[in-house]
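Engineer: Contents of target-v4.pdb (PDB, C-alpha atoms) are below:
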```pdb
ATOM      1  CA  MET L  12       0.000   0.000   0.000
ATOM      2  CA  GLU L  13       2.936   2.324   0.727
ATOM      3  CA  SER L  14       4.101   2.185  -2.908
ATOM      4  CA  GLU L  15       0.569   3.041  -4.048
ATOM      5  CA  THR L  16       0.619   6.410  -2.260
ATOM      6  CA  ARG L  17       4.296   7.277  -1.999
ATOM      7  CA  PHE L  18       4.426   9.989  -4.682
ATOM      8  CA  GLU L  19       1.169  11.622  -3.592
ATOM      9  CA  ALA L  20       2.248  11.525   0.066
ATOM     10  CA  ALA L  21       5.657  13.029  -0.695
ATOM     11  CA  LEU L  22       4.093  15.889  -2.633
ATOM     12  CA  ASP L  23       1.498  16.455   0.072
ATOM     13  CA  ALA L  24       4.177  16.702   2.760
ATOM     14  CA  THR L  25       6.263  19.100   0.686
ATOM     15  CA  GLN L  26       3.219  21.221  -0.082
ATOM     16  CA  GLY L  27       2.426  21.461   3.621
ATOM     17  CA  GLY L  28       6.006  22.428   4.431
ATOM     18  CA  ALA L  29       6.006  25.114   1.741
ATOM     19  CA  GLU L  30       2.753  26.553   3.102
ATOM     20  CA  ALA L  31       4.264  26.803   6.583
ATOM     21  CA  VAL L  32       7.347  28.564   5.241
ATOM     22  CA  LEU L  33       5.146  30.982   3.318
ATOM     23  CA  LYS L  34       3.435  32.018   6.544
ATOM     24  CA  SER L  35       6.829  32.780   8.086
ATOM     25  CA  ALA L  36       7.788  34.665   4.935
ATOM     26  CA  GLY L  37       4.763  36.867   5.480
ATOM     27  CA  GLY L  38       6.135  37.779   8.907
ATOM     28  CA  LEU L  39       9.495  38.670   7.352
ATOM     29  CA  THR L  40       7.757  40.939   4.860
ATOM     30  CA  ARG L  41       5.862  42.720   7.625
ATOM     31  CA  GLU L  42       9.041  43.395   9.635
ATOM     32  CA  LEU L  43      10.878  44.707   6.607
ATOM     33  CA  ARG L  44       7.993  47.064   5.861
ATOM     34  CA  LYS L  45       8.201  48.336   9.441
ATOM     35  CA  ALA L  46      11.929  48.861   9.005
ATOM     36  CA  LYS L  47      11.382  50.748   5.769
ATOM     37  CA  ALA L  48       8.790  53.035   7.363
ATOM     38  CA  ALA L  49      10.959  53.608  10.426
ATOM     39  CA  ALA L  50      13.976  54.485   8.286
ATOM     40  CA  ALA L  51      11.887  56.886   6.228
ATOM     41  CA  GLY L  52      10.790  58.724   9.367
ATOM     42  CA  GLY L  53      14.060  58.387  11.271
ATOM     43  CA  GLN L  54      12.495  56.312  14.090
ATOM     44  CA  VAL L  55      15.774  54.621  15.010
ATOM     45  CA  ARG L  56      14.535  52.502  17.917
ATOM     46  CA  GLU L  57      11.688  51.059  15.858
ATOM     47  CA  LEU L  58      14.084  50.567  12.950
ATOM     48  CA  ARG L  59      16.529  48.491  15.015
ATOM     49  CA  ARG L  60      13.705  46.447  16.539
ATOM     50  CA  ALA L  61      12.236  45.650  13.099
ATOM     51  CA  LEU L  62      15.620  44.737  11.633
ATOM     52  CA  GLU L  63      16.422  42.409  14.531
ATOM     53  CA  ALA L  64      13.034  40.721  14.158
ATOM     54  CA  ALA L  65      13.541  40.400  10.376
ATOM     55  CA  ALA L  66      16.990  38.879  10.839
ATOM     56  CA  GLY L  67      15.638  36.286  13.278
ATOM     57  CA  ILE L  68      12.808  35.314  10.947
ATOM     58  CA  ALA L  69      15.178  35.161   7.969
ATOM     59  CA  ALA L  70      17.497  32.754   9.797
ATOM     60  CA  GLY L  71      14.568  30.528  10.659
ATOM     61  CA  LEU L  72      13.316  30.713   7.091
ATOM     62  CA  SER L  73      16.616  29.520   5.696
ATOM     63  CA  ALA L  74      16.536  26.437   7.892
ATOM     64  CA  ALA L  75      12.869  25.853   7.125
ATOM     65  CA  VAL L  76      13.472  26.045   3.361
ATOM     66  CA  ASP L  77      16.329  23.566   3.681
ATOM     67  CA  GLY L  78      13.969  21.272   5.553
ATOM     68  CA  VAL L  79      11.298  21.511   2.882
ATOM     69  CA  ARG L  80      13.853  20.829   0.164
ATOM     70  CA  ALA L  81      15.173  17.816   2.050
ATOM     71  CA  SER L  82      11.652  16.482   2.652
ATOM     72  CA  PHE L  83      11.172  15.740  -1.047
ATOM     73  CA  ASP L  84      13.774  13.005  -1.288
ATOM     74  CA  LEU L  85      11.991  10.866  -3.877
ATOM     75  CA  ASP L  86      13.867  10.105  -7.100
ATOM     76  CA  GLU L  87      11.038  10.739  -9.543
ATOM     77  CA  THR L  88      12.874   9.317 -12.559
ATOM     78  CA  ALA L  89      13.534   6.003 -10.824
ATOM     79  CA  TYR L  90      10.015   5.945  -9.385
ATOM     80  CA  LEU L  91       8.423   6.458 -12.786
ATOM     81  CA  ALA L  92      10.707   3.880 -14.399
ATOM     82  CA  SER L  93      10.046   1.238 -11.725
ATOM     83  CA  GLY L  94       6.342   0.986 -12.556
ATOM     84  CA  ASP L  95       5.340   2.093  -9.059
ATOM     85  CA  TYR L  96       4.035   5.402 -10.386
ATOM     86  CA  ALA L  97       1.704   3.611 -12.798
ATOM     87  CA  LYS L  98       0.480   1.456  -9.900
ATOM     88  CA  GLU L  99      -0.163   4.598  -7.880
ATOM     89  CA  LEU L 100      -2.179   6.086 -10.731
ATOM     90  CA  LEU L 101      -4.232   2.884 -10.965
ATOM     91  CA  ALA L 102      -4.855   2.962  -7.215
ATOM     92  CA  ALA L 103      -5.833   6.644  -7.298
ATOM     93  CA  ALA L 104      -8.221   5.987 -10.186
ATOM     94  CA  ALA L 105      -9.843   3.077  -8.349
ATOM     95  CA  GLU L 106     -10.259   5.188  -5.215
ATOM     96  CA  ARG L 107     -12.006   7.896  -7.211
ATOM     97  CA  GLY L 108     -14.148   5.437  -9.166
ATOM     98  CA  VAL L 109     -12.446   6.159 -12.502
ATOM     99  CA  ALA L 110     -11.919   3.053 -14.638
ATOM    100  CA  MET L 111      -8.311   2.601 -15.720
ATOM    101  CA  PHE L 112      -6.467  -0.431 -17.081
ATOM    102  CA  GLU L 113      -2.875  -1.175 -18.033
ATOM    103  CA  GLU L 114      -2.314  -2.539 -21.546
ATOM    104  CA  ASP L 115       0.876  -2.704 -23.642
ATOM    105  CA  GLU L 116       2.786  -0.182 -21.485
ATOM    106  CA  ARG L 117      -0.117   2.242 -21.670
ATOM    107  CA  LEU L 118      -2.770   3.182 -19.141
ATOM    108  CA  LEU L 119      -6.222   3.143 -20.709
ATOM    109  CA  CYS L 120      -8.760   5.555 -19.258
ATOM    110  CA  TYR L 121     -11.580   6.308 -21.701
ATOM    111  CA  PRO L 122     -11.093   8.153 -23.953
ATOM    112  CA  SER L 123      -7.484   8.864 -23.034
ATOM    113  CA  LEU L 124      -4.271   6.887 -23.362
ATOM    114  CA  VAL L 125      -1.522   7.624 -20.854
ATOM    115  CA  ARG L 126       2.162   6.808 -21.301
ATOM    116  CA  VAL L 127       4.750   7.338 -18.587
ATOM    117  CA  VAL L 128       8.018   8.884 -19.842
ATOM    118  CA  PRO L 129      10.527   8.472 -16.995
ATOM    119  CA  GLY L 130      13.524  10.018 -18.779
ATOM    120  CA  ASP L 131      11.734  13.356 -19.166
ATOM    121  CA  SER L 132       9.870  13.190 -15.838
ATOM    122  CA  LEU L 133       6.505  13.552 -17.515
ATOM    123  CA  ILE L 134       3.557  11.654 -18.895
ATOM    124  CA  GLU L 135       1.921  11.774 -22.286
ATOM    125  CA  VAL L 136      -1.866  11.989 -22.410
ATOM    126  CA  ASP L 137      -3.000  11.236 -25.949
ATOM    127  CA  ARG L 138       0.516  12.243 -27.078
ATOM    128  CA  ARG L 139       0.358  15.615 -25.318
ATOM    129  CA  ARG L 140       3.243  16.102 -22.889
ATOM    130  CA  GLU L 141       2.071  16.742 -19.342
ATOM    131  CA  ARG L 142       4.477  17.660 -16.531
ATOM    132  CA  ARG L 143       1.861  17.740 -13.777
ATOM    133  CA  LEU L 144       2.487  14.310 -12.259
ATOM    134  CA  ARG L 145       0.609  14.399  -8.961
ATOM    135  CA  PRO L 146      -1.663  11.329  -9.157
ATOM    136  CA  SER L 147      -4.760  13.083  -7.803
ATOM    137  CA  VAL L 148      -4.279  15.874 -10.361
ATOM    138  CA  VAL L 149      -3.748  13.440 -13.254
ATOM    139  CA  ILE L 150      -6.843  11.414 -12.370
ATOM    140  CA  GLY L 151      -8.820  14.640 -12.061
ATOM    141  CA  MET L 152      -7.775  15.656 -15.586
ATOM    142  CA  LEU L 153      -8.656  12.234 -16.980
ATOM    143  CA  ALA L 154     -12.030  12.236 -15.233
ATOM    144  CA  ALA L 155     -12.819  15.668 -16.669
ATOM    145  CA  ALA L 156     -11.890  14.450 -20.166
ATOM    146  CA  GLN L 157     -14.515  11.720 -19.871
ATOM    147  CA  HIS L 158     -17.233  14.352 -19.817
ATOM    148  CA  ARG L 159     -16.075  15.976 -23.053
ATOM    149  CA  PRO L 160     -16.901  14.550 -26.482
ATOM    150  CA  PRO L 161     -13.815  12.875 -28.006
ATOM    151  CA  ARG L 162     -12.185  14.469 -31.028
ATOM    152  CA  PHE L 163     -12.674  11.673 -33.500
ATOM    153  CA  ARG L 164     -13.580  11.599 -37.202
ATOM    154  CA  ALA L 165     -15.464   8.339 -37.536
ATOM    155  CA  GLU L 166     -15.985   8.451 -41.299
ATOM    156  CA  GLN L 167     -12.327   9.174 -41.999
ATOM    157  CA  PHE L 168     -11.178   6.341 -39.749
ATOM    158  CA  LEU L 169     -13.710   3.978 -41.343
ATOM    159  CA  GLU L 170     -12.217   4.670 -44.776
ATOM    160  CA  SER L 171      -8.698   3.999 -43.453
ATOM    161  CA  LEU L 172      -9.871   0.774 -41.849
ATOM    162  CA  ALA L 173     -11.469  -0.331 -45.105
ATOM    163  CA  GLY L 174      -8.273   0.502 -47.005
ATOM    164  CA  GLY L 175      -6.187  -1.599 -44.622
ATOM    165  CA  TYR L 176      -8.707  -4.421 -44.912
ATOM    166  CA  GLU L 177      -8.432  -4.379 -48.715
ATOM    167  CA  LEU L 178      -4.634  -4.616 -48.493
ATOM    168  CA  VAL L 179      -4.802  -7.632 -46.181
ATOM    169  CA  ILE L 180      -7.314  -9.666 -48.183
ATOM    170  CA  ALA L 181      -5.570  -8.850 -51.483
ATOM    171  CA  ARG L 182      -2.207  -9.958 -50.129
ATOM    172  CA  ALA L 183      -3.692 -13.168 -48.691
ATOM    173  CA  GLY L 184      -5.838 -13.893 -51.759
ATOM    174  CA  LYS L 185      -9.009 -14.048 -49.669
ATOM    175  CA  ASN L 186     -12.596 -13.408 -50.733
ATOM    176  CA  CYS L 187     -13.666  -9.776 -50.863
ATOM    177  CA  ASP L 188     -15.804 -10.180 -47.732
ATOM    178  CA  ALA L 189     -13.535 -12.491 -45.726
ATOM    179  CA  VAL L 190     -13.261 -12.047 -41.972
ATOM    180  CA  THR L 191      -9.873 -10.520 -41.192
ATOM    181  CA  ARG L 192      -8.058 -10.016 -37.911
ATOM    182  CA  LEU L 193      -7.792  -6.409 -36.828
ATOM    183  CA  THR L 194      -4.170  -6.901 -35.788
ATOM    184  CA  ASP L 195      -3.372  -7.757 -39.409
ATOM    185  CA  ILE L 196      -5.106  -4.583 -40.557
ATOM    186  CA  TRP L 197      -3.148  -2.532 -38.014
ATOM    187  CA  THR L 198       0.066  -4.079 -39.363
ATOM    188  CA  ALA L 199      -0.934  -3.109 -42.895
ATOM    189  CA  LEU L 200      -1.709   0.455 -41.797
ATOM    190  CA  THR L 201       1.694   0.828 -40.114
ATOM    191  CA  LEU L 202       3.989  -0.780 -42.682
ATOM    192  CA  LEU L 203       6.268   2.205 -43.180
ATOM    193  CA  PRO L 204       9.266   2.525 -40.811
ATOM    194  CA  GLY L 205       8.320   4.193 -37.549
ATOM    195  CA  GLN L 206       4.575   4.119 -38.170
ATOM    196  CA  ALA L 207       3.935   1.363 -35.616
ATOM    197  CA  LYS L 208       5.510   3.628 -33.003
ATOM    198  CA  ASP L 209       3.574   6.661 -34.201
ATOM    199  CA  TYR L 210       0.262   4.779 -34.173
ATOM    200  CA  THR L 211       0.284   2.075 -31.519
ATOM    201  CA  ARG L 212      -2.007  -0.888 -30.994
ATOM    202  CA  PRO L 213      -3.661   0.716 -27.929
ATOM    203  CA  GLU L 214      -4.432   3.821 -29.998
ATOM    204  CA  PHE L 215      -5.851   1.648 -32.765
ATOM    205  CA  ALA L 216      -8.008  -0.256 -30.250
ATOM    206  CA  ARG L 217      -9.283   3.018 -28.770
ATOM    207  CA  ASP L 218     -10.220   4.268 -32.247
ATOM    208  CA  LEU L 219     -12.020   1.008 -33.015
ATOM    209  CA  TYR L 220     -14.172   1.541 -29.956
ATOM    210  CA  LEU L 221     -14.909   5.146 -30.895
ATOM    211  CA  LEU L 222     -15.873   3.988 -34.393
ATOM    212  CA  ASP L 223     -18.066   1.291 -32.892
ATOM    213  CA  GLN L 224     -19.818   3.863 -30.704
ATOM    214  CA  SER L 225     -20.262   6.336 -33.558
ATOM    215  CA  GLY L 226     -22.508   3.967 -35.514
ATOM    216  CA  ALA L 227     -20.644   4.641 -38.783
ATOM    217  CA  ARG L 228     -20.682   1.439 -40.827
ATOM    218  CA  GLN L 229     -20.888   2.193 -44.554
ATOM    219  CA  THR L 230     -17.945   3.373 -46.659
ATOM    220  CA  ARG L 231     -18.157   5.807 -49.550
ATOM    221  CA  GLU L 232     -18.031   2.823 -51.921
ATOM    222  CA  GLY L 233     -21.074   1.303 -50.272
ATOM    223  CA  ARG L 234     -19.402  -1.498 -48.343
ATOM    224  CA  THR L 235     -20.677  -2.227 -44.856
ATOM    225  CA  LEU L 236     -18.486  -2.896 -41.843
ATOM    226  CA  ARG L 237     -19.265  -5.962 -39.753
ATOM    227  CA  TRP L 238     -17.632  -6.737 -36.416
ATOM    228  CA  HIS L 239     -16.576 -10.298 -35.638
ATOM    229  CA  ALA L 240     -15.614 -11.717 -32.247
ATOM    230  CA  SER L 241     -16.371 -15.440 -32.132
ATOM    231  CA  SER L 242     -13.610 -17.429 -30.449
ATOM    232  CA  GLY L 243     -11.154 -14.692 -31.358
ATOM    233  CA  THR L 244     -11.718 -12.982 -28.013
ATOM    234  CA  ARG L 245     -10.071 -15.981 -26.335
ATOM    235  CA  THR L 246      -7.072 -16.279 -28.656
ATOM    236  CA  ALA L 247      -4.110 -14.226 -29.830
ATOM    237  CA  GLY L 248      -4.731 -11.058 -31.780
ATOM    238  CA  VAL L 249      -7.305  -9.524 -29.454
ATOM    239  CA  LEU L 250      -7.191  -5.755 -29.069
ATOM    240  CA  THR L 251      -8.346  -4.364 -25.735
ATOM    241  CA  THR L 252      -9.451  -0.891 -24.746
ATOM    242  CA  VAL L 253     -11.672   0.652 -22.096
ATOM    243  CA  ALA L 254     -15.289   1.562 -22.817
ATOM    244  CA  ARG L 255     -17.176   4.647 -21.710
ATOM    245  CA  THR L 256     -18.847   2.495 -19.040
ATOM    246  CA  GLY L 257     -15.452   1.580 -17.605
ATOM    247  CA  GLN L 258     -15.542  -2.018 -18.812
ATOM    248  CA  GLN L 259     -12.824  -3.549 -20.947
ATOM    249  CA  GLN L 260     -13.825  -3.747 -24.603
ATOM    250  CA  ARG L 261     -12.237  -6.343 -26.916
ATOM    251  CA  TYR L 262     -12.017  -6.442 -30.701
ATOM    252  CA  TRP L 263     -10.745  -9.213 -32.920
ATOM    253  CA  GLY L 264     -11.928  -9.184 -36.540
ATOM    254  CA  VAL L 265     -13.983  -7.377 -39.178
ATOM    255  CA  SER L 266     -15.304  -7.827 -42.666
ATOM    256  CA  PHE L 267     -16.631  -5.426 -45.282
ATOM    257  CA  THR L 268     -19.561  -6.647 -47.316
ATOM    258  CA  ALA L 269     -21.331  -5.157 -50.299
ATOM    259  CA  VAL L 270     -24.783  -3.665 -49.756
ATOM    260  CA  ALA L 271     -27.404  -6.247 -50.673
ATOM    261  CA  PRO L 272     -29.567  -5.180 -53.628
ATOM    262  CA  ARG L 273     -33.154  -4.367 -52.842
TER     263      ARG L 273
END
```
Transcribe the structure of this file into structure tokens.
Structural biologist:
Amino acid sequence: MESETRFEAALDATQGGAEAVLKSAGGLTRELRKAKAAAAGGQVRELRRALEAAAGIAAGLSAAVDGVRASFDLDETAYLASGDYAKELLAAAAERGVAMFEEDERLLCYPSLVRVVPGDSLIEVDRRRERRLRPSVVIGMLAAAQHRPPRFRAEQFLESLAGGYELVIARAGKNCDAVTRLTDIWTALTLLPGQAKDYTRPEFARDLYLLDQSGARQTREGRTLRWHASSGTRTAGVLTTVARTGQQQRYWGVSFTAVAPR
């Protein structure tokens, strides 16, 4: 349990220490203002008293700041790299009632995908770099994103999916409406060097779910998308994402069939 709250607890303690120092800093400011006013009017006794008080507060402040700095002794790069930070995010999400799952080195939290980047001490949320790492803050951002409509062009993605499907069945010599694994289509869509890194399987799975939810099924050429699960959900090649309801959603295969004549 300690590893599930270590980062949040360290930040909370440092925040509390900084707040205490700030209160003392306010006292230093007040004494210096008294000294300034006394010097302006030539009130020497009041001036010396204010300066002595300011010097005492300043000495205490220096020690207090050193204490606050020393209190945050967590190596954030090592913590992020160890996987403990991801576990802490998962625990924070569960405590708040926000569904989050770990899949292929990503954290899935509809409609967002989170990647921890230890070397830069940041996370990526849907490829946007985010340096605010406090778990409660991150989960708050992800929860807020769930109430906004996702930026997704269903028709455009459907056309890309159909194009990848055509490549796969042509290469395999299959029938024009053959059921095809979605992992094979993703491979076809990311054939060029670096594309698999630029468009990962978790991102593809998330987009499949958004397409599924959009209701878009028919391409510009009149072919209709059909989803296929069958026994594929229990074998290799299954793509997993998280649904709006918080449940895991799995996809395996699709086909594109011609519109039946009336």
Engineer: Please, which residues are within 12 Å of (8.7, 43.9, 8.1) by the file's coordinates, counting all atoms listed in the file, and could they come as JSON, numbers by chain?
Structural biologist: {"L": [35, 36, 37, 38, 39, 40, 41, 42, 43, 44, 45, 46, 47, 48, 49, 50, 57, 58, 59, 60, 61, 62, 63, 64, 65, 66, 67, 68, 69]}
Engineer: Check what the PyMOL selection byres ((chain L and resi 94) around 12) selects in the file above and give those residues as a VMD selection string.
Structural biologist: chain L and resid 14 to 15 87 to 93 95 to 101 113 116 to 118 126 to 129
Engineer: Interatomic distance between atom CA of L:Ser73 and atom CA of L:Asp86?
Structural biologist: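 Calculated distance between atom CA of L:Ser73 and atom CA of L:Asp86 is 23.4 Å.
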Engineer: Set the distance at 10 Å and use all atoms listed in the file: which residues neighbour L:Ile180 once local chain neighbours fewer than 5 positions away are removed? I'd like the list as a ChimeraX atom specification.
Structural biologist: /L:175,185-191,195-196,266
Engineer: Here is a test: counting all atoms listed in the file, which residue of L:Gly174, L:Pro122, L:Gly78, L:Pro146 is nearest to L:Glu232?
Structural biologist: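 Of the candidates, the smallest distance to L:Glu232 is held by L:Gly174.
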Engineer: Report, in Å to a single decimal, how far apart atom CA of L:Asp23 and atom CA of L:Val76 are.
Structural biologist: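 Between these atoms lies a distance of 15.7 Å.
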Engineer: Record the distance separating atom CA of L:Trp238 and atom CA of L:Asp137, expressed in Å with one decimal.
Structural biologist: 25.4 Å
Engineer: Please write the residues picked by the PyMOL selection byres ((chain L and resi 150) around 8) on this file as a PyMOL selection string.
Structural biologist: chain L and resi 100+103-104+109+146-149+151-154
Engineer: Which residues fall under the PyMOL selection byres ((chain L and resi 160) around 12) in this file, as JSON, numbers by chain?
Structural biologist: {"L": [121, 122, 123, 155, 156, 157, 158, 159, 161, 162, 163, 164, 221, 224, 225, 255]}
Engineer: May I have the selected residues written with C-alpha atoms, as a PDB file, in the coordinates of the input?
Structural biologist:
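Final output, part.pdb:
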```pdb
ATOM      1  CA  TYR L 121     -11.580   6.308 -21.701  1.00  0.00           C
ATOM      2  CA  PRO L 122     -11.093   8.153 -23.953  1.00  0.00           C
ATOM      3  CA  SER L 123      -7.484   8.864 -23.034  1.00  0.00           C
ATOM      4  CA  ALA L 155     -12.819  15.668 -16.669  1.00  0.00           C
ATOM      5  CA  ALA L 156     -11.890  14.450 -20.166  1.00  0.00           C
ATOM      6  CA  GLN L 157     -14.515  11.720 -19.871  1.00  0.00           C
ATOM      7  CA  HIS L 158     -17.233  14.352 -19.817  1.00  0.00           C
ATOM      8  CA  ARG L 159     -16.075  15.976 -23.053  1.00  0.00           C
ATOM      9  CA  PRO L 161     -13.815  12.875 -28.006  1.00  0.00           C
ATOM     10  CA  ARG L 162     -12.185  14.469 -31.028  1.00  0.00           C
ATOM     11  CA  PHE L 163     -12.674  11.673 -33.500  1.00  0.00           C
ATOM     12  CA  ARG L 164     -13.580  11.599 -37.202  1.00  0.00           C
ATOM     13  CA  LEU L 221     -14.909   5.146 -30.895  1.00  0.00           C
ATOM     14  CA  GLN L 224     -19.818   3.863 -30.704  1.00  0.00           C
ATOM     15  CA  SER L 225     -20.262   6.336 -33.558  1.00  0.00           C
ATOM     16  CA  ARG L 255     -17.176   4.647 -21.710  1.00  0.00           C
TER      17      ARG L 255
END
```
Engineer: Give, as AutoDock Vina command-line options, the centre coordinates and the x, y and z edge lengths in Å to one decimal for an axis-aligned box around all listed atoms of stretch 135-141 of chain L, padded by 8 Å on each side.
Structural biologist:
```
--center_x 0.1 --center_y 14.0 --center_z -23.2 --size_x 22.2 --size_y 21.5 --size_z 23.7
```
Engineer: Which of these residues is nearest to L:Ala29, using only C-alpha atoms: L:Leu72, L:Met111, L:Val79, L:Leu202?
Structural biologist: L:Val79
Engineer: With distances taken over only C-alpha atoms, which residue among L:Lys34, L:Arg234, L:Arg228, L:Arg56 lies nearest L:Glu166?
Structural biologist: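 With only C-alpha atoms as the atom set, the closest residue is L:Arg228.
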